[in-house]
$ cat upload.cif   # mmCIF, N, CA and C atoms
data_run
loop_
_atom_site.label_atom_id
_atom_site.label_comp_id
_atom_site.auth_asym_id
_atom_site.auth_seq_id
_atom_site.Cartn_x
_atom_site.Cartn_y
_atom_site.Cartn_z
N MET J 24 1.85 -32.28 -55.56
CA MET J 24 2.66 -33.17 -54.77
C MET J 24 1.76 -34.27 -54.22
N GLN J 25 2.28 -35.46 -54.21
CA GLN J 25 1.51 -36.60 -53.71
C GLN J 25 1.29 -36.47 -52.21
N VAL J 26 0.13 -36.94 -51.76
CA VAL J 26 -0.25 -36.83 -50.36
C VAL J 26 0.76 -37.54 -49.46
N ALA J 27 1.18 -38.74 -49.85
CA ALA J 27 2.13 -39.50 -49.03
C ALA J 27 3.45 -38.75 -48.88
N LYS J 28 3.92 -38.16 -49.95
CA LYS J 28 5.18 -37.41 -49.90
C LYS J 28 5.03 -36.19 -49.02
N ARG J 29 3.90 -35.49 -49.14
CA ARG J 29 3.64 -34.31 -48.32
C ARG J 29 3.65 -34.68 -46.84
N ARG J 30 2.96 -35.77 -46.49
CA ARG J 30 2.92 -36.21 -45.09
C ARG J 30 4.32 -36.54 -44.57
N LYS J 31 5.10 -37.22 -45.40
CA LYS J 31 6.46 -37.59 -45.02
C LYS J 31 7.31 -36.35 -44.73
N LEU J 32 7.22 -35.37 -45.61
CA LEU J 32 7.98 -34.14 -45.42
C LEU J 32 7.54 -33.39 -44.17
N LEU J 33 6.24 -33.31 -43.96
CA LEU J 33 5.72 -32.63 -42.77
C LEU J 33 6.16 -33.35 -41.50
N ALA J 34 6.14 -34.68 -41.53
CA ALA J 34 6.56 -35.46 -40.36
C ALA J 34 8.03 -35.25 -40.04
N ARG J 35 8.83 -34.94 -41.03
CA ARG J 35 10.26 -34.72 -40.82
C ARG J 35 10.61 -33.26 -40.55
N GLY J 36 9.58 -32.44 -40.39
CA GLY J 36 9.83 -31.05 -40.02
C GLY J 36 9.92 -30.05 -41.14
N TRP J 37 9.63 -30.47 -42.36
CA TRP J 37 9.67 -29.55 -43.49
C TRP J 37 8.37 -28.75 -43.56
N ALA J 38 8.48 -27.52 -44.01
CA ALA J 38 7.30 -26.72 -44.32
C ALA J 38 7.01 -26.96 -45.79
N VAL J 39 5.75 -27.20 -46.11
CA VAL J 39 5.38 -27.49 -47.49
C VAL J 39 4.37 -26.44 -47.95
N GLY J 40 4.61 -25.89 -49.13
CA GLY J 40 3.70 -24.90 -49.66
C GLY J 40 4.17 -24.44 -51.02
N ASP J 41 3.65 -23.33 -51.45
CA ASP J 41 4.07 -22.79 -52.74
C ASP J 41 4.86 -21.50 -52.53
N ALA J 42 5.26 -20.90 -53.63
CA ALA J 42 6.08 -19.69 -53.55
C ALA J 42 5.35 -18.57 -52.82
N GLY J 43 4.04 -18.50 -53.01
CA GLY J 43 3.25 -17.47 -52.32
C GLY J 43 3.30 -17.63 -50.81
N ASP J 44 3.25 -18.88 -50.34
CA ASP J 44 3.37 -19.13 -48.91
C ASP J 44 4.75 -18.71 -48.41
N PHE J 45 5.77 -19.10 -49.14
CA PHE J 45 7.14 -18.82 -48.75
C PHE J 45 7.42 -17.33 -48.70
N LEU J 46 6.94 -16.61 -49.69
CA LEU J 46 7.20 -15.18 -49.78
C LEU J 46 6.20 -14.33 -49.01
N GLY J 47 5.15 -14.96 -48.51
CA GLY J 47 4.13 -14.23 -47.77
C GLY J 47 3.32 -13.30 -48.65
N LEU J 48 3.02 -13.73 -49.86
CA LEU J 48 2.28 -12.91 -50.81
C LEU J 48 0.79 -12.93 -50.49
N THR J 49 0.14 -11.80 -50.72
CA THR J 49 -1.32 -11.77 -50.64
C THR J 49 -1.87 -12.48 -51.87
N ALA J 50 -3.15 -12.77 -51.86
CA ALA J 50 -3.78 -13.41 -53.01
C ALA J 50 -3.64 -12.54 -54.26
N GLU J 51 -3.75 -11.22 -54.09
CA GLU J 51 -3.62 -10.31 -55.22
C GLU J 51 -2.20 -10.31 -55.77
N GLU J 52 -1.21 -10.30 -54.88
CA GLU J 52 0.18 -10.33 -55.33
C GLU J 52 0.51 -11.64 -56.04
N GLN J 53 -0.01 -12.73 -55.50
CA GLN J 53 0.22 -14.02 -56.12
C GLN J 53 -0.43 -14.08 -57.51
N ALA J 54 -1.62 -13.52 -57.64
CA ALA J 54 -2.30 -13.50 -58.94
C ALA J 54 -1.50 -12.67 -59.94
N LEU J 55 -0.92 -11.57 -59.50
CA LEU J 55 -0.11 -10.72 -60.38
C LEU J 55 1.15 -11.45 -60.83
N VAL J 56 1.81 -12.17 -59.92
CA VAL J 56 2.99 -12.95 -60.27
C VAL J 56 2.62 -14.01 -61.30
N GLU J 57 1.51 -14.70 -61.07
CA GLU J 57 1.08 -15.74 -62.00
C GLU J 57 0.74 -15.16 -63.36
N LEU J 58 0.10 -14.00 -63.40
CA LEU J 58 -0.21 -13.34 -64.67
C LEU J 58 1.07 -13.00 -65.42
N ARG J 59 2.05 -12.42 -64.70
CA ARG J 59 3.32 -12.06 -65.32
C ARG J 59 3.99 -13.30 -65.91
N LEU J 60 3.98 -14.41 -65.18
CA LEU J 60 4.62 -15.64 -65.66
C LEU J 60 3.88 -16.23 -66.86
N ARG J 61 2.55 -16.13 -66.85
CA ARG J 61 1.79 -16.62 -68.01
C ARG J 61 2.12 -15.80 -69.25
N LEU J 62 2.18 -14.48 -69.09
CA LEU J 62 2.51 -13.62 -70.22
C LEU J 62 3.93 -13.87 -70.71
N ALA J 63 4.87 -14.04 -69.78
CA ALA J 63 6.26 -14.29 -70.15
C ALA J 63 6.39 -15.60 -70.91
N ASN J 64 5.72 -16.64 -70.42
CA ASN J 64 5.76 -17.93 -71.09
C ASN J 64 5.09 -17.84 -72.46
N GLY J 65 3.96 -17.12 -72.52
CA GLY J 65 3.27 -16.95 -73.79
C GLY J 65 4.12 -16.20 -74.81
N LEU J 66 4.87 -15.20 -74.34
CA LEU J 66 5.75 -14.44 -75.23
C LEU J 66 6.82 -15.35 -75.81
N LYS J 67 7.43 -16.16 -74.97
CA LYS J 67 8.48 -17.06 -75.46
C LYS J 67 7.90 -18.06 -76.46
N LEU J 68 6.73 -18.62 -76.14
CA LEU J 68 6.11 -19.58 -77.06
C LEU J 68 5.78 -18.94 -78.40
N GLN J 69 5.25 -17.72 -78.37
CA GLN J 69 4.92 -17.00 -79.61
C GLN J 69 6.19 -16.72 -80.43
N ARG J 70 7.26 -16.32 -79.74
CA ARG J 70 8.52 -16.03 -80.43
C ARG J 70 9.08 -17.29 -81.08
N VAL J 71 9.08 -18.38 -80.33
CA VAL J 71 9.63 -19.64 -80.85
C VAL J 71 8.78 -20.16 -82.02
N GLN J 72 7.46 -20.05 -81.90
CA GLN J 72 6.58 -20.49 -82.99
C GLN J 72 6.83 -19.70 -84.26
N ARG J 73 7.21 -18.45 -84.11
CA ARG J 73 7.49 -17.61 -85.29
C ARG J 73 8.96 -17.71 -85.73
N ARG J 74 9.69 -18.59 -85.06
CA ARG J 74 11.11 -18.85 -85.37
C ARG J 74 11.95 -17.57 -85.36
N LEU J 75 11.73 -16.77 -84.32
CA LEU J 75 12.51 -15.55 -84.14
C LEU J 75 13.51 -15.74 -83.02
N THR J 76 14.65 -15.11 -83.13
CA THR J 76 15.60 -15.07 -82.02
C THR J 76 15.17 -13.96 -81.08
N GLN J 77 15.76 -13.95 -79.89
CA GLN J 77 15.47 -12.85 -78.97
C GLN J 77 15.91 -11.52 -79.57
N GLY J 78 17.02 -11.52 -80.29
CA GLY J 78 17.49 -10.30 -80.93
C GLY J 78 16.53 -9.79 -81.98
N GLU J 79 15.96 -10.71 -82.76
CA GLU J 79 14.99 -10.31 -83.79
C GLU J 79 13.72 -9.75 -83.15
N LEU J 80 13.26 -10.39 -82.07
CA LEU J 80 12.09 -9.86 -81.37
C LEU J 80 12.41 -8.49 -80.78
N ALA J 81 13.62 -8.33 -80.28
CA ALA J 81 14.02 -7.04 -79.71
C ALA J 81 13.90 -5.93 -80.75
N ARG J 82 14.32 -6.20 -81.98
CA ARG J 82 14.20 -5.20 -83.04
C ARG J 82 12.73 -4.87 -83.32
N VAL J 83 11.87 -5.89 -83.30
CA VAL J 83 10.44 -5.67 -83.57
C VAL J 83 9.83 -4.76 -82.51
N VAL J 84 10.19 -4.98 -81.26
CA VAL J 84 9.59 -4.19 -80.16
C VAL J 84 10.45 -3.00 -79.76
N ARG J 85 11.51 -2.74 -80.53
CA ARG J 85 12.42 -1.61 -80.29
C ARG J 85 13.01 -1.66 -78.88
N SER J 86 13.62 -2.80 -78.59
CA SER J 86 14.23 -3.01 -77.29
C SER J 86 15.56 -3.72 -77.51
N SER J 87 16.10 -4.31 -76.46
CA SER J 87 17.37 -5.04 -76.56
C SER J 87 17.14 -6.53 -76.32
N GLN J 88 18.10 -7.32 -76.77
CA GLN J 88 18.01 -8.77 -76.58
C GLN J 88 17.97 -9.09 -75.09
N SER J 89 18.75 -8.39 -74.28
CA SER J 89 18.77 -8.68 -72.85
C SER J 89 17.42 -8.36 -72.20
N ARG J 90 16.74 -7.33 -72.72
CA ARG J 90 15.41 -6.99 -72.20
C ARG J 90 14.41 -8.08 -72.57
N VAL J 91 14.51 -8.61 -73.78
CA VAL J 91 13.63 -9.71 -74.20
C VAL J 91 13.87 -10.92 -73.31
N ALA J 92 15.14 -11.21 -72.99
CA ALA J 92 15.44 -12.33 -72.10
C ALA J 92 14.79 -12.11 -70.74
N LYS J 93 14.83 -10.88 -70.24
CA LYS J 93 14.17 -10.57 -68.97
C LYS J 93 12.65 -10.72 -69.08
N MET J 94 12.10 -10.30 -70.21
CA MET J 94 10.66 -10.45 -70.41
C MET J 94 10.27 -11.92 -70.35
N GLU J 95 11.02 -12.76 -71.05
CA GLU J 95 10.70 -14.18 -71.11
C GLU J 95 10.93 -14.89 -69.78
N ALA J 96 11.78 -14.32 -68.94
CA ALA J 96 12.06 -14.91 -67.63
C ALA J 96 11.05 -14.44 -66.57
N GLY J 97 10.18 -13.51 -66.94
CA GLY J 97 9.21 -13.00 -65.98
C GLY J 97 9.82 -12.07 -64.96
N ASP J 98 10.91 -11.42 -65.33
CA ASP J 98 11.62 -10.51 -64.43
C ASP J 98 10.68 -9.40 -63.97
N PRO J 99 10.64 -9.13 -62.66
CA PRO J 99 9.72 -8.11 -62.15
C PRO J 99 10.04 -6.68 -62.61
N SER J 100 11.23 -6.46 -63.16
CA SER J 100 11.55 -5.11 -63.65
C SER J 100 10.87 -4.82 -64.99
N VAL J 101 10.30 -5.83 -65.61
CA VAL J 101 9.60 -5.67 -66.89
C VAL J 101 8.12 -5.43 -66.61
N SER J 102 7.58 -4.38 -67.21
CA SER J 102 6.18 -4.07 -66.97
C SER J 102 5.26 -5.06 -67.70
N ILE J 103 4.11 -5.26 -67.12
CA ILE J 103 3.11 -6.11 -67.76
C ILE J 103 2.67 -5.48 -69.08
N ASP J 104 2.65 -4.15 -69.11
CA ASP J 104 2.33 -3.43 -70.34
C ASP J 104 3.29 -3.81 -71.47
N LEU J 105 4.58 -3.88 -71.18
CA LEU J 105 5.57 -4.25 -72.20
C LEU J 105 5.36 -5.69 -72.67
N LEU J 106 4.99 -6.57 -71.75
CA LEU J 106 4.71 -7.96 -72.14
C LEU J 106 3.52 -8.00 -73.11
N PHE J 107 2.45 -7.27 -72.79
CA PHE J 107 1.28 -7.23 -73.67
C PHE J 107 1.65 -6.61 -75.03
N ARG J 108 2.37 -5.48 -75.01
CA ARG J 108 2.74 -4.82 -76.26
C ARG J 108 3.61 -5.72 -77.14
N SER J 109 4.49 -6.48 -76.50
CA SER J 109 5.36 -7.39 -77.26
C SER J 109 4.56 -8.53 -77.88
N LEU J 110 3.62 -9.06 -77.14
CA LEU J 110 2.77 -10.12 -77.69
C LEU J 110 1.95 -9.59 -78.87
N ILE J 111 1.42 -8.40 -78.72
CA ILE J 111 0.63 -7.79 -79.80
C ILE J 111 1.52 -7.53 -81.01
N ALA J 112 2.75 -7.06 -80.77
CA ALA J 112 3.69 -6.82 -81.87
C ALA J 112 4.01 -8.11 -82.62
N LEU J 113 3.95 -9.24 -81.93
CA LEU J 113 4.18 -10.53 -82.58
C LEU J 113 2.95 -11.02 -83.33
N GLY J 114 1.86 -10.29 -83.22
CA GLY J 114 0.65 -10.66 -83.94
C GLY J 114 -0.34 -11.45 -83.12
N ALA J 115 -0.17 -11.48 -81.81
CA ALA J 115 -1.11 -12.20 -80.96
C ALA J 115 -2.48 -11.52 -81.02
N SER J 116 -3.50 -12.32 -81.21
CA SER J 116 -4.87 -11.79 -81.25
C SER J 116 -5.42 -11.71 -79.83
N THR J 117 -6.59 -11.10 -79.70
CA THR J 117 -7.21 -11.03 -78.37
C THR J 117 -7.53 -12.43 -77.86
N SER J 118 -7.89 -13.34 -78.76
CA SER J 118 -8.15 -14.71 -78.32
C SER J 118 -6.85 -15.40 -77.90
N ASP J 119 -5.73 -15.09 -78.56
CA ASP J 119 -4.43 -15.61 -78.14
C ASP J 119 -4.10 -15.10 -76.74
N LEU J 120 -4.31 -13.81 -76.51
CA LEU J 120 -4.03 -13.23 -75.21
C LEU J 120 -4.91 -13.86 -74.13
N ALA J 121 -6.19 -14.06 -74.45
CA ALA J 121 -7.09 -14.69 -73.49
C ALA J 121 -6.64 -16.11 -73.16
N ARG J 122 -6.19 -16.84 -74.16
CA ARG J 122 -5.71 -18.22 -73.94
C ARG J 122 -4.46 -18.21 -73.05
N ILE J 123 -3.57 -17.28 -73.30
CA ILE J 123 -2.34 -17.17 -72.50
C ILE J 123 -2.68 -16.84 -71.05
N ILE J 124 -3.55 -15.88 -70.86
CA ILE J 124 -3.92 -15.44 -69.51
C ILE J 124 -4.66 -16.53 -68.75
N SER J 125 -5.49 -17.28 -69.45
CA SER J 125 -6.31 -18.29 -68.77
C SER J 125 -5.63 -19.64 -68.63
N ALA J 126 -4.36 -19.73 -69.00
CA ALA J 126 -3.64 -21.00 -68.84
C ALA J 126 -3.74 -21.45 -67.39
N ARG J 127 -3.83 -22.74 -67.20
CA ARG J 127 -4.00 -23.27 -65.84
C ARG J 127 -2.85 -22.92 -64.92
N ARG J 128 -1.64 -23.03 -65.42
CA ARG J 128 -0.48 -22.81 -64.56
C ARG J 128 0.68 -22.31 -65.39
N PRO J 129 1.38 -21.30 -64.91
CA PRO J 129 2.55 -20.86 -65.65
C PRO J 129 3.62 -21.94 -65.63
N VAL J 130 4.34 -22.05 -66.73
CA VAL J 130 5.40 -23.06 -66.81
C VAL J 130 6.71 -22.40 -66.44
N ASN J 131 6.97 -22.35 -65.15
CA ASN J 131 8.21 -21.77 -64.66
C ASN J 131 8.56 -22.45 -63.36
N ALA J 132 9.66 -23.18 -63.34
CA ALA J 132 10.03 -23.99 -62.19
C ALA J 132 10.22 -23.16 -60.92
N ARG J 133 10.60 -21.88 -61.07
CA ARG J 133 10.83 -21.07 -59.88
C ARG J 133 9.58 -20.91 -59.04
N PHE J 134 8.41 -20.99 -59.67
CA PHE J 134 7.17 -20.77 -58.95
C PHE J 134 6.30 -22.00 -58.92
N ALA J 135 6.90 -23.18 -59.10
CA ALA J 135 6.13 -24.42 -59.05
C ALA J 135 5.57 -24.59 -57.64
N SER J 136 4.31 -24.96 -57.55
CA SER J 136 3.71 -25.10 -56.23
C SER J 136 3.94 -26.49 -55.68
N GLY J 137 3.83 -26.59 -54.38
CA GLY J 137 3.92 -27.88 -53.72
C GLY J 137 5.33 -28.37 -53.44
N LEU J 138 6.32 -27.53 -53.58
CA LEU J 138 7.70 -27.95 -53.29
C LEU J 138 7.99 -27.69 -51.82
N PRO J 139 8.82 -28.52 -51.21
CA PRO J 139 9.20 -28.25 -49.83
C PRO J 139 9.95 -26.92 -49.78
N LEU J 140 9.61 -26.10 -48.81
CA LEU J 140 10.19 -24.77 -48.76
C LEU J 140 11.38 -24.69 -47.81
N SER J 141 11.23 -25.16 -46.61
CA SER J 141 12.34 -25.07 -45.67
C SER J 141 12.13 -26.00 -44.51
N ARG J 142 13.21 -26.27 -43.80
CA ARG J 142 13.17 -27.03 -42.56
C ARG J 142 13.14 -26.04 -41.42
N PRO J 143 12.55 -26.40 -40.29
CA PRO J 143 12.54 -25.48 -39.15
C PRO J 143 13.97 -25.08 -38.79
N GLY J 144 14.19 -23.78 -38.65
CA GLY J 144 15.49 -23.28 -38.26
C GLY J 144 16.54 -23.30 -39.35
N ARG J 145 16.16 -23.58 -40.59
CA ARG J 145 17.12 -23.63 -41.70
C ARG J 145 16.68 -22.69 -42.79
N ARG J 146 17.63 -22.42 -43.69
CA ARG J 146 17.31 -21.58 -44.85
C ARG J 146 16.41 -22.33 -45.82
N ALA J 147 15.70 -21.59 -46.62
CA ALA J 147 14.81 -22.19 -47.61
C ALA J 147 15.59 -22.87 -48.71
N LEU J 148 14.94 -23.81 -49.36
CA LEU J 148 15.52 -24.46 -50.52
C LEU J 148 15.58 -23.49 -51.67
N GLY J 149 16.51 -23.66 -52.56
CA GLY J 149 16.48 -22.82 -53.74
C GLY J 149 17.76 -22.53 -54.28
#
$ encode --input "upload.cif" --output "structure tokens"
Amino acid sequence: MQVAKRRKLLARGWAVGDAGDFLGLTAEEQALVELRLRLANGLKLQRVQRRLTQGELARVVRSSQSRVAKMEAGDPSVSIDLLFRSLIALGASTSDLARIISARRPVNARFASGLPLSRPGRRALG
């Protein structure tokens, strides 16, 4: 977020931060959320690059299409183990996994940092 915009929001009473600030996450919890989102995004990219539907990926990993949709959305009910196993089932190498994990930022708007979170005495944006 631009400095001028941040100052303007703060001056008008908005709290500015990221999802971790809003949810009160510890550094470890925030790192785990970011890892899950990187893996979820990597899974979707790998699936799309291989021109597979969610249903086709579901058959490969012996799951359901709705579970694959949850995996790609970074749903917390999906284990990180399942995300790794699905990536490996798609043929991701250890270097692919390292690249996915070391991505600078997960591409998921729900956890974009620097968005205004809430006004004093009001509900959060979202």
$ atom_distance --input "upload.cif" --atom1 "atom N of Ala54 (chain J)" --atom2 "CA of Ala112 (chain J)"
25.7 Å
$ select_by_dssp --input "upload.cif" --residues "chain J" --states "helix (DSSP H, G or I)" --output "number ranges by chain"
J: 26-34, 42-46, 50-72, 77-83, 88-96, 103-112, 117-124, 132-134
$ resolve_selection --input "upload.cif" --expression "the PyMOL selection byres (((chain J and resi 63-71 and name CA) around 7) and name CA)" --output "PyMOL selection string"
chain J and resi 59-62+72-75+94-97+106+110+123+129-130
$ atom_distance --input "upload.cif" --atom1 "CA of Ala126 (chain J)" --atom2 "CA of Leu32 (chain J)"
29.3 Å
$ atom_distance --input "upload.cif" --atom1 "CA of Leu33 (chain J)" --atom2 "CA of Arg127 (chain J)"
26.7 Å
$ residues_around --input "upload.cif" --residues "Val83 (chain J)" --least-positions-apart "4" --cutoff "8 Å" --atoms "all atoms listed in the file" --output "list in words"
Gln77, Gly78, Glu79, Ser109, Ala112 and Leu113 of chain J
$ write_last_selection --input "upload.cif" --atoms "N, CA and C atoms" --output "PDB file, keeping the file's coordinate frame"
ATOM      1  N   GLN J  77      15.760 -13.950 -79.890  1.00  0.00           N
ATOM      2  CA  GLN J  77      15.470 -12.850 -78.970  1.00  0.00           C
ATOM      3  C   GLN J  77      15.910 -11.520 -79.570  1.00  0.00           C
ATOM      4  N   GLY J  78      17.020 -11.520 -80.290  1.00  0.00           N
ATOM      5  CA  GLY J  78      17.490 -10.300 -80.930  1.00  0.00           C
ATOM      6  C   GLY J  78      16.530  -9.790 -81.980  1.00  0.00           C
ATOM      7  N   GLU J  79      15.960 -10.710 -82.760  1.00  0.00           N
ATOM      8  CA  GLU J  79      14.990 -10.310 -83.790  1.00  0.00           C
ATOM      9  C   GLU J  79      13.720  -9.750 -83.150  1.00  0.00           C
ATOM     10  N   SER J 109       4.490  -6.480 -76.500  1.00  0.00           N
ATOM     11  CA  SER J 109       5.360  -7.390 -77.260  1.00  0.00           C
ATOM     12  C   SER J 109       4.560  -8.530 -77.880  1.00  0.00           C
ATOM     13  N   ALA J 112       2.750  -7.060 -80.770  1.00  0.00           N
ATOM     14  CA  ALA J 112       3.690  -6.820 -81.870  1.00  0.00           C
ATOM     15  C   ALA J 112       4.010  -8.110 -82.620  1.00  0.00           C
ATOM     16  N   LEU J 113       3.950  -9.240 -81.930  1.00  0.00           N
ATOM     17  CA  LEU J 113       4.180 -10.530 -82.580  1.00  0.00           C
ATOM     18  C   LEU J 113       2.950 -11.020 -83.330  1.00  0.00           C
TER      19      LEU J 113
END
$ axis_aligned_box --input "upload.cif" --around "region 83-92 of chain J" --padding-each-side "8 Å" --output "AutoDock Vina command-line options"
--center_x 14.2 --center_y -7.0 --center_z -77.2 --size_x 25.2 --size_y 26.7 --size_z 28.8
$ select_by_dssp --input "upload.cif" --residues "region 26-146 of chain J" --states "strand (DSSP E)" --output "list in words"
Ala38, Val39, Gly40, Leu138, Pro139, Leu140 and Ser141 of chain J
$ closest_residue --input "upload.cif" --among "J:Ala81, J:Gly43, J:Ala38, J:Gln88" --to "Leu55 (chain J)" --atoms "only C-alpha atoms"
J:Gly43
